[in-house]
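Novice: Got a structure here, written out as structure tokens. Questions coming.
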Amino acid sequence: MSTSSFSFTFCICELLFDYSFFQVLVTEHKRTMPLPETMFCAQQIKIPPELADILKQFTKAAIRTQPHDVLQWAAAYFSALSKGEPLPVKERIEMPLAAEKTDAGLTPGLLKVLHKQLSPKGTVNVAELKEKWKHLCLPEEQLKAILQLGDFGEEVEWMKVLALGCSMLGGSLLSSMKHACEILTRDPEGGAARIPFETFSFLYSYLASIDGEIPEEKTEAFLHGIKEQADQQTGMVLLRNFLTQPSRLF
């Protein structure tokens, strides 16, 4: 074979090698390339008809509740929604009672949410209480203080927890009872905030015993006076029955 023929053959082989190598590179590149985004027209996209209302209600609930951790609260919200349980949602927007304190998370609105969730059970496991408390993004220290004050075990009587929660909101015994009445009443907001005397008597007696500085005879005398008024009001206690009598404040 002549030198010119050999050179030509060598060049052809080199070109074929380069082309084969190029094909390998192209094939590998195709394998690693992300798939192009599939384009859909409006007629192909099916949106569940209930989605818009679900998201609308969720957004309104988040605005009313103002959770500190939106993702944690959202998980609890949709979990309760899927199970048909009371939602962790405030009835209205409210300002914290002590905004200047970084750990002041409990408000009457949030305590009312917990009441709706836990009161039907009467007695609640502490683990469940802690879970509901966490869902509302409330400070763990506040719940720990309540549990220590009540000296509870693994099971807690919800109404006692409610009473102690109200005591954290109110600066005095009667202001705590005011919060309790406003949380428990079925009256419209701003109304008389009536609750049954039996409920009032239980909460007041419990908080007075926790306080430890109110003589038992004073507690009994106070409740006797409240009952006389309640008997004339179909057994219901009104805010004005105990907030407009300074001589009875304890």
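Here, A, B, ... name the chains of the structure tokens in the order displayed, residue numbers run from 1 inside each chain, and ligands are numbered from 1 in the same displayed order.
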Which residues of stretch 105-144 of chain A come within 10 Å of stretch 164-169 of chain A, and what is each one's closest atom pair and distance in Å (one decimal), counting only C-alpha atoms, sorted by chain and residue number, as JSON lines?

Specialist:
{"residue": "A:Leu106", "atom": "CA", "partner": "A:Leu169", "partner_atom": "CA", "distance": 7.6}
{"residue": "A:Thr107", "atom": "CA", "partner": "A:Leu169", "partner_atom": "CA", "distance": 7.0}
{"residue": "A:Pro108", "atom": "CA", "partner": "A:Leu169", "partner_atom": "CA", "distance": 7.4}
{"residue": "A:Leu111", "atom": "CA", "partner": "A:Gly165", "partner_atom": "CA", "distance": 7.2}
{"residue": "A:Gln142", "atom": "CA", "partner": "A:Met168", "partner_atom": "CA", "distance": 8.6}
{"residue": "A:Leu143", "atom": "CA", "partner": "A:Gly165", "partner_atom": "CA", "distance": 8.6}

Novice: Write out as a tab-separated table the residues of stretch 73-96 of chain A that have any atom within 12 Å of an atom of stretch 118-133 of chain A, one row each with the nearest atom pair and its distance in Å to one decimal, counting only C-alpha atoms, sorted by chain and then rising number.

Specialist:
residue	atom	partner	partner_atom	distance
A:Trp73	CA	A:Lys132	CA	10.1
A:Ala75	CA	A:Lys132	CA	11.8
A:Ala76	CA	A:Lys132	CA	8.5
A:Tyr77	CA	A:Lys132	CA	10.9
A:Ser79	CA	A:Lys132	CA	11.8
A:Ala80	CA	A:Lys132	CA	10.7
A:Glu85	CA	A:Leu118	CA	10.4
A:Pro86	CA	A:Leu118	CA	9.2
A:Leu87	CA	A:Lys132	CA	10.5
A:Pro88	CA	A:Lys132	CA	8.3
A:Val89	CA	A:Lys132	CA	11.8

Novice: Considering only C-alpha atoms, return as a PyMOL selection string whatever protein or nucleic-acid residues lie within 8 Å of stretch 54-65 of chain A, sequence-local ones (same chain, fewer than 3 positions apart) excluded.

Specialist: chain A and resi 50-51+70+89-94

Novice: Extract, using only C-alpha atoms, all DNA, RNA and protein residues at most 12 Å from A:Glu198, discarding same-chain residues fewer than 4 positions from it, and format them as a PyMOL selection string.

Specialist: chain A and resi 194+202-205+223-224+226-227+230-231+235-237

Novice: Write a file of the selected residues as a PDB file, in the first residue's frame, keeping C-alpha atoms.

Specialist:
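The result, written out as result.pdb:
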ATOM      1  CA  ARG A 194     -73.760  33.698  81.974  1.00  0.00           C
ATOM      2  CA  PHE A 202     -66.572  24.592  91.219  1.00  0.00           C
ATOM      3  CA  LEU A 203     -64.070  26.882  89.481  1.00  0.00           C
ATOM      4  CA  TYR A 204     -64.116  29.527  92.222  1.00  0.00           C
ATOM      5  CA  SER A 205     -63.706  26.994  95.022  1.00  0.00           C
ATOM      6  CA  LEU A 223     -70.652  31.680  96.991  1.00  0.00           C
ATOM      7  CA  HIS A 224     -73.786  31.829  99.157  1.00  0.00           C
ATOM      8  CA  ILE A 226     -73.755  34.510  94.412  1.00  0.00           C
ATOM      9  CA  LYS A 227     -76.208  31.601  94.651  1.00  0.00           C
ATOM     10  CA  ALA A 230     -78.314  32.944  90.568  1.00  0.00           C
ATOM     11  CA  ASP A 231     -81.548  31.479  91.984  1.00  0.00           C
ATOM     12  CA  GLY A 235     -79.537  29.271  88.108  1.00  0.00           C
ATOM     13  CA  MET A 236     -77.119  31.352  86.054  1.00  0.00           C
ATOM     14  CA  VAL A 237     -74.288  33.601  87.269  1.00  0.00           C
TER      15      VAL A 237
END

Novice: Which residue out of A:Ala74, A:Ile47, A:Val161, A:Ile183 has the minimum interatomic distance to A:Ala145 when only C-alpha atoms are used?

Specialist: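 Answer, going by the shortest atom-to-atom distance: A:Val161.
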
Novice: Enumerate as a list in words all residues of stretch 145-233 of chain A assigned to strand (DSSP E) by DSSP on the backbone, naming them with the chain letters and numbers the document uses.

Specialist: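 Of stretch 145-233 of chain A, the ones in strand (DSSP E) are Glu155, Val156, Glu157, Ile195 and Pro196 of chain A.
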
Novice: Quick check, in Å to one decimal: how far apart do atom CA of A:His135 and atom CA of A:Gln72 lie?

Specialist: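 Interatomic distance, atom CA of A:His135 to atom CA of A:Gln72: 6.5 Å.
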
Novice: So that I can check the secondary structure, give me every residue of stretch 9-243 of chain A assigned alpha helix (DSSP H) by backbone DSSP, as a PyMOL selection string.

Specialist: chain A and resi 9-32+51-65+70-83+108-118+126-135+140-150+158-169+173-184+197-211+216-231+240-243

Novice: Nearest residue to A:Lys116 out of A:Leu162, A:Leu207, A:Ile195, A:Val156, using only C-alpha atoms?

Specialist: A:Leu162

Novice: Between atom CA of A:Arg186 and atom CA of A:Phe200, measure the distance and give it in Å to one decimal.

Specialist: 14.1 Å
